[in-house]
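Here's the structure we're looking at; comments come further down.
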Amino acid sequence: MNSLPSNVDVAIIGAGAAGLGAANALKGCGLSVIVLEARDRVGGRAHTIQAAPDVVFDVGCGWLHSADENTFVPIAERLGFEINKDLPPWRERAFGKAFPQAQRSQFIRALDEFYDRAEEAAEEARRAGRDEPASLHLEPGNRWNSMIDAISTYVNGVELDRVSILDMDAYEDSNLNWRVRRGYGALVAAYGAACPLALNCAVTLIDHSGKRVRVETSKGTLTAGKVIVTVPTNLIADETIRFHPALPAKVDAARGLPLGLADKVTLALAEPEALPKEGNLRGATMRTDMGTYHLRPFGQPCIEGFFGGRFARQLEDAGDGAIAAAAIDEITGFLGNDFRRKLKPLAESRWAHDPWARGSYSHALPGHAGDRALLAAPVDGRLFFAGEATSPNFFSTAHGARDSGERAAREVLADMRPGQD
């Protein structure tokens, strides 16, 4: 769509999984709808690229977490996307001598014991009506604490000192994780293909002072009866999108739910037969600033690396190529310097430097677990809020975002009819 309509029943801000979920839920309801997207593509933090002729790379989300409850699974089946149900390589299929099995078993036991303590602590905190950082429940002096913190950077995007114990406990995980062979981002894009879109259309102001909501964008101004806001929390917290009258409670809630950082890199692998398909490579690294590596995902001739938290931010700030360079250095440290000639950078994410994301996915700061509900609450029956940060139990996931968009659409439909002012 090259031009904006002058007015619509519902304007949806953001064409990520949440915005597309809302738009799809509103189809066939007799309402005029437009999805406004600042990027030149749909999908938001779900984005698949062809990194090489023989390498498909999910720059953003890549796993159908809680697959038995994930609403993108039936969507994938309906749209003809092949789902891979093999077990992920996170705990099994360790490769190399960098992390011997005996030490690996010790680490897994320490990690499981931490989660058991955290669950008990969350129950106690809930009864007492308080919250606290998850880091308080690391065992003092445990040799594996730094690596447990590294796992948090992959799961939460931040270290445990920045994670609410109540929020961490609220996350629901069935421990069933599948993948989309053609890419999760490709699936989300296909899901949004038939939605009414305005791309390259950045929203700057949502003015709800009048009878209708006025939305100012880089392509002009339109009015809407209702607006569904699905942008990442950092854009609300930074007031990249402004509200008039101001909504300080929403801004405060967004600031309590900042986006952590999890970045990915894919490296072309010469002589791929030297490594197993679907392997896992990780060192017994007694520090948090470490990567973890998926060897030959889907049998492709590549290695996919993952970095999170403060370390990922440092690498991003070092500039393009720094994540790939760190991955190559660490991998060759594990497998020998001869491996350096076999590795070639293909693509990396830098979500903190993406102006329309400014991070990867949300976490609740200690004391702010309740902010998810505050952010999700409608305003004056005209402004509605969705996005993974508003999901009570599936935050940080694409399906949590999609479901929240559908929830916001239901809220709109509860009191709106075609032609309503």
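Here's how to read the names in the structure tokens: chain A, B, ... by the order shown, residue numbers from 1 in each chain, ligand numbers from 1 in the order shown.
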
Sort by chain and increasing residue number a table of all residues of region 110-218 of chain A within 9 Å of region 4-16 of chain A, each with its closest pair of atoms and their distance in Å to one decimal, counting only C-alpha atoms, and write it as CSV.
residue,atom,partner,partner_atom,distance
A:Val188,CA,A:Gly16,CA,8.0
A:Ala189,CA,A:Gly16,CA,8.8
A:Gly192,CA,A:Ala15,CA,7.9
A:Leu197,CA,A:Ala15,CA,7.9
A:Ala198,CA,A:Leu4,CA,7.1
A:Leu199,CA,A:Ala15,CA,8.7
A:Ala202,CA,A:Ile13,CA,8.8
A:Val203,CA,A:Ile13,CA,7.4
A:Arg214,CA,A:Asn7,CA,9.0
A:Val215,CA,A:Ala11,CA,8.4

At a cut-off of 10 Å, can you tabulate as JSON lines every residue of region 154-205 of chain A near region 275-299 of chain A together with its closest atom pair and the distance in Å to one decimal, using only C-alpha atoms and ordering rows by chain then number?
{"residue": "A:Tyr154", "atom": "CA", "partner": "A:Thr292", "partner_atom": "CA", "distance": 9.2}
{"residue": "A:Glu159", "atom": "CA", "partner": "A:Thr288", "partner_atom": "CA", "distance": 8.5}
{"residue": "A:Arg179", "atom": "CA", "partner": "A:Phe298", "partner_atom": "CA", "distance": 9.5}
{"residue": "A:Val180", "atom": "CA", "partner": "A:Phe298", "partner_atom": "CA", "distance": 9.9}
{"residue": "A:Arg181", "atom": "CA", "partner": "A:Phe298", "partner_atom": "CA", "distance": 7.5}

Would you export the selected residues with C-alpha atoms as a CSV table (one decimal), in the first residue's frame, please?
chain,number,residue,atom,x,y,z
A,154,TYR,CA,20.0,-16.6,26.4
A,159,GLU,CA,21.8,-11.7,33.8
A,179,ARG,CA,11.5,-25.8,14.5
A,180,VAL,CA,10.3,-24.6,11.1
A,181,ARG,CA,12.5,-25.9,8.3

Counting only C-alpha atoms, what are the residues of region 45-161 of chain A within 12 Å of region 256-269 of chain A, and for each of them which pair of atoms is the nearest and at what distance in Å, to one decimal? Sort the table by chain and rising number, as a tab-separated table.
residue	atom	partner	partner_atom	distance
A:Arg45	CA	A:Ala262	CA	11.2
A:His47	CA	A:Lys264	CA	11.9
A:Ile49	CA	A:Thr266	CA	11.0
A:Gln50	CA	A:Thr266	CA	11.0
A:Ala51	CA	A:Thr266	CA	8.0
A:Ala52	CA	A:Ala268	CA	8.1
A:Pro53	CA	A:Ala268	CA	10.7
A:Asp54	CA	A:Ala268	CA	9.4
A:Val55	CA	A:Ala268	CA	8.1
A:Val56	CA	A:Thr266	CA	9.4
A:Phe57	CA	A:Thr266	CA	7.1
A:Asp58	CA	A:Lys264	CA	8.5
A:Val59	CA	A:Lys264	CA	6.5
A:Gly60	CA	A:Lys264	CA	7.7
A:Cys61	CA	A:Lys264	CA	9.7
A:Gly62	CA	A:Lys264	CA	10.2
A:Ala150	CA	A:Ala262	CA	10.9
A:Ile151	CA	A:Ala262	CA	10.8
A:Ser152	CA	A:Ala262	CA	10.2
A:Thr153	CA	A:Ala262	CA	6.9
A:Tyr154	CA	A:Ala262	CA	5.9
A:Val155	CA	A:Ala262	CA	8.2
A:Asn156	CA	A:Gly260	CA	6.6
A:Gly157	CA	A:Gly260	CA	4.0
A:Val158	CA	A:Gly260	CA	5.4
A:Glu159	CA	A:Gly260	CA	9.1
A:Leu160	CA	A:Gly260	CA	11.4

- Message: Env of region 233-236 of chain A: 6 Å cut, atoms = only C-alpha atoms, seq-sep filter 4 positions within chain, self excluded. Answer as a PyMOL selection string.
- Response: chain A and resi 240+251+254+258

Convert the current residue selection to file output with C-alpha atoms, as a PDB file, in the first residue's frame.
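Dumped everything to part-v3.pdb:
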ATOM      1  CA  THR A 240       9.774   7.156  20.273  1.00  0.00           C
ATOM      2  CA  VAL A 251       5.621   4.481  29.893  1.00  0.00           C
ATOM      3  CA  ALA A 254       7.288  -0.331  29.608  1.00  0.00           C
ATOM      4  CA  PRO A 258      12.835  -3.565  29.084  1.00  0.00           C
TER       5      PRO A 258
END

- Message: Restricting the calculation to only C-alpha atoms: of A:Asn175, A:His368, A:Val42, A:Leu335, which residue gets closest to Ala18 (chain A)?
- Response: A:Val42

Contacts of region 323-400 of chain A with region 115-127 of chain A up to 12 Å, shortest pair per row, only C-alpha atoms, as a Markdown table:
| residue | atom | partner | partner_atom | distance |
| --- | --- | --- | --- | --- |
| A:Pro366 | CA | A:Ala125 | CA | 11.6 |
| A:Gly367 | CA | A:Ala125 | CA | 10.8 |
| A:Ala369 | CA | A:Arg126 | CA | 10.8 |
| A:Gly370 | CA | A:Arg126 | CA | 11.6 |

Find the residues of region 167-194 of chain A that sit at most 10 Å from region 390-395 of chain A; for each, write down the nearest two atoms and how far apart they are in Å, to one decimal. Count only C-alpha atoms. Sort by chain, then by number going up, and give it as a Markdown table.
| residue | atom | partner | partner_atom | distance |
| --- | --- | --- | --- | --- |
| A:Asp167 | CA | A:Asn393 | CA | 8.7 |
| A:Met168 | CA | A:Asn393 | CA | 9.4 |
| A:Asp169 | CA | A:Asn393 | CA | 9.1 |
| A:Ala170 | CA | A:Asn393 | CA | 5.6 |
| A:Tyr171 | CA | A:Asn393 | CA | 4.6 |
| A:Glu172 | CA | A:Asn393 | CA | 5.4 |
| A:Asp173 | CA | A:Phe394 | CA | 8.0 |

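From CA of Gly387 (chain A) back to CA of Pro248 (chain A), the distance works out to 18.6 Å.
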
- Task: Per DSSP on the backbone, filter region 255-398 of chain A down to the residues in strand (DSSP E or B) and report them as JSON, numbers by chain.
- Result: {"A": [259, 260, 262, 263, 264, 265, 266, 267, 268, 269, 279, 280, 281, 292, 293, 294, 295, 302, 303, 304, 305, 306, 307, 308, 343, 344, 345, 346, 347, 348, 361, 362, 379, 383, 384, 385]}

- Item | Who sits within 12 Å of Thr332 (chain A), only C-alpha atoms, same chain under 5 positions skipped, as a count of residues only | 15

- Task: Would you mind writing down, as JSON, numbers by chain, each residue of region 98-261 of chain A that DSSP on the backbone assigns to alpha helix (DSSP H)?
- Result: {"A": [101, 102, 103, 104, 105, 106, 107, 108, 109, 110, 111, 112, 113, 114, 115, 116, 117, 118, 119, 120, 121, 122, 123, 124, 125, 126, 127, 128, 145, 146, 147, 148, 149, 150, 151, 152, 153, 154, 155, 165, 166, 167, 168, 169, 170, 184, 185, 186, 187, 188, 189, 190, 191, 233, 234, 235, 236, 237, 248, 249, 250, 251, 252, 253, 254, 255]}

Would you save the residues from that selection as a PDB file, in the first residue's frame, using C-alpha atoms?
ATOM      1  CA  GLN A 101      30.579 -35.144  30.015  1.00  0.00           C
ATOM      2  CA  ALA A 102      31.374 -35.420  33.726  1.00  0.00           C
ATOM      3  CA  GLN A 103      31.583 -31.635  34.061  1.00  0.00           C
ATOM      4  CA  ARG A 104      28.575 -31.189  31.827  1.00  0.00           C
ATOM      5  CA  SER A 105      26.540 -33.417  34.132  1.00  0.00           C
ATOM      6  CA  GLN A 106      27.684 -31.394  37.138  1.00  0.00           C
ATOM      7  CA  PHE A 107      26.625 -28.189  35.429  1.00  0.00           C
ATOM      8  CA  ILE A 108      23.205 -29.528  34.436  1.00  0.00           C
ATOM      9  CA  ARG A 109      22.643 -30.685  38.004  1.00  0.00           C
ATOM     10  CA  ALA A 110      23.626 -27.251  39.365  1.00  0.00           C
ATOM     11  CA  LEU A 111      21.324 -25.563  36.828  1.00  0.00           C
ATOM     12  CA  ASP A 112      18.371 -27.780  37.728  1.00  0.00           C
ATOM     13  CA  GLU A 113      18.966 -27.210  41.435  1.00  0.00           C
ATOM     14  CA  PHE A 114      19.005 -23.444  40.849  1.00  0.00           C
ATOM     15  CA  TYR A 115      15.637 -23.598  39.097  1.00  0.00           C
ATOM     16  CA  ASP A 116      14.223 -25.713  41.927  1.00  0.00           C
ATOM     17  CA  ARG A 117      15.370 -23.131  44.495  1.00  0.00           C
ATOM     18  CA  ALA A 118      14.021 -20.298  42.363  1.00  0.00           C
ATOM     19  CA  GLU A 119      10.608 -21.956  42.108  1.00  0.00           C
ATOM     20  CA  GLU A 120      10.401 -22.359  45.883  1.00  0.00           C
ATOM     21  CA  ALA A 121      11.572 -18.780  46.403  1.00  0.00           C
ATOM     22  CA  ALA A 122       8.934 -17.463  43.993  1.00  0.00           C
ATOM     23  CA  GLU A 123       6.181 -19.249  45.890  1.00  0.00           C
ATOM     24  CA  GLU A 124       7.423 -17.787  49.163  1.00  0.00           C
ATOM     25  CA  ALA A 125       7.767 -14.295  47.669  1.00  0.00           C
ATOM     26  CA  ARG A 126       4.254 -14.493  46.240  1.00  0.00           C
ATOM     27  CA  ARG A 127       2.805 -15.425  49.622  1.00  0.00           C
ATOM     28  CA  ALA A 128       4.732 -12.573  51.243  1.00  0.00           C
ATOM     29  CA  ASN A 145      27.165 -19.745  38.822  1.00  0.00           C
ATOM     30  CA  SER A 146      28.693 -17.776  35.950  1.00  0.00           C
ATOM     31  CA  MET A 147      27.495 -20.308  33.407  1.00  0.00           C
ATOM     32  CA  ILE A 148      24.034 -20.385  34.998  1.00  0.00           C
ATOM     33  CA  ASP A 149      24.021 -16.611  34.548  1.00  0.00           C
ATOM     34  CA  ALA A 150      25.023 -17.125  30.899  1.00  0.00           C
ATOM     35  CA  ILE A 151      21.991 -19.365  30.417  1.00  0.00           C
ATOM     36  CA  SER A 152      19.856 -16.527  31.774  1.00  0.00           C
ATOM     37  CA  THR A 153      21.260 -14.216  29.117  1.00  0.00           C
ATOM     38  CA  TYR A 154      20.032 -16.635  26.450  1.00  0.00           C
ATOM     39  CA  VAL A 155      16.626 -17.193  28.094  1.00  0.00           C
ATOM     40  CA  ILE A 165      11.864 -13.992  40.511  1.00  0.00           C
ATOM     41  CA  LEU A 166       8.069 -13.752  40.190  1.00  0.00           C
ATOM     42  CA  ASP A 167       8.210 -13.077  36.478  1.00  0.00           C
ATOM     43  CA  MET A 168      10.683 -15.885  35.845  1.00  0.00           C
ATOM     44  CA  ASP A 169       8.370 -18.260  37.682  1.00  0.00           C
ATOM     45  CA  ALA A 170       5.331 -17.080  35.688  1.00  0.00           C
ATOM     46  CA  TYR A 184      10.172 -19.098  11.809  1.00  0.00           C
ATOM     47  CA  GLY A 185      10.457 -15.627  10.315  1.00  0.00           C
ATOM     48  CA  ALA A 186       9.296 -16.970   6.954  1.00  0.00           C
ATOM     49  CA  LEU A 187       6.288 -18.521   8.685  1.00  0.00           C
ATOM     50  CA  VAL A 188       5.364 -15.246  10.400  1.00  0.00           C
ATOM     51  CA  ALA A 189       5.740 -13.374   7.104  1.00  0.00           C
ATOM     52  CA  ALA A 190       3.445 -15.863   5.338  1.00  0.00           C
ATOM     53  CA  TYR A 191       0.933 -15.501   8.182  1.00  0.00           C
ATOM     54  CA  THR A 233       8.521  -1.856  25.111  1.00  0.00           C
ATOM     55  CA  ASN A 234      11.738   0.064  24.500  1.00  0.00           C
ATOM     56  CA  LEU A 235       9.989   2.250  21.907  1.00  0.00           C
ATOM     57  CA  ILE A 236       7.277   3.127  24.429  1.00  0.00           C
ATOM     58  CA  ALA A 237       9.781   3.622  27.249  1.00  0.00           C
ATOM     59  CA  PRO A 248       2.830   7.980  32.146  1.00  0.00           C
ATOM     60  CA  ALA A 249       1.546   4.693  33.574  1.00  0.00           C
ATOM     61  CA  LYS A 250       2.162   2.951  30.238  1.00  0.00           C
ATOM     62  CA  VAL A 251       5.621   4.481  29.893  1.00  0.00           C
ATOM     63  CA  ASP A 252       6.502   3.416  33.441  1.00  0.00           C
ATOM     64  CA  ALA A 253       5.221  -0.116  32.806  1.00  0.00           C
ATOM     65  CA  ALA A 254       7.288  -0.331  29.608  1.00  0.00           C
ATOM     66  CA  ARG A 255      10.365   0.820  31.516  1.00  0.00           C
TER      67      ARG A 255
END

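As for CA of Pro378 (chain A) and CA of Asp354 (chain A), they are spaced 27.5 Å apart.
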
- Task: Identify which of the residues A:Glu239, A:Asp380, A:Asp86, A:Glu132 lies closest to Lys211 (chain A), counting only C-alpha atoms when measuring atom-to-atom distances.
- Result: A:Asp380

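Using only C-alpha atoms, the smallest distance between any of A:Ser66, A:Gln314, A:Thr204, A:Thr397 and Ser218 (chain A) comes from A:Thr204.
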
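Comparing the minimum interatomic distances between Asn200 (chain A) and each of A:Asp40, A:Glu216, A:Glu82, A:Glu411, counting only C-alpha atoms, we find that A:Asp40 sits nearest.
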
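In this comparison, which uses only C-alpha atoms, the residue of A:Leu136, A:Ala409, A:Ala270, A:Ala17 approaching Glu37 (chain A) most closely is A:Ala17.
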
- Nearest to Pro355 (chain A) among A:Pro232, A:Pro74, A:Gly43, A:Gly333, with distances taken over only C-alpha atoms: which residue is it? A:Pro232
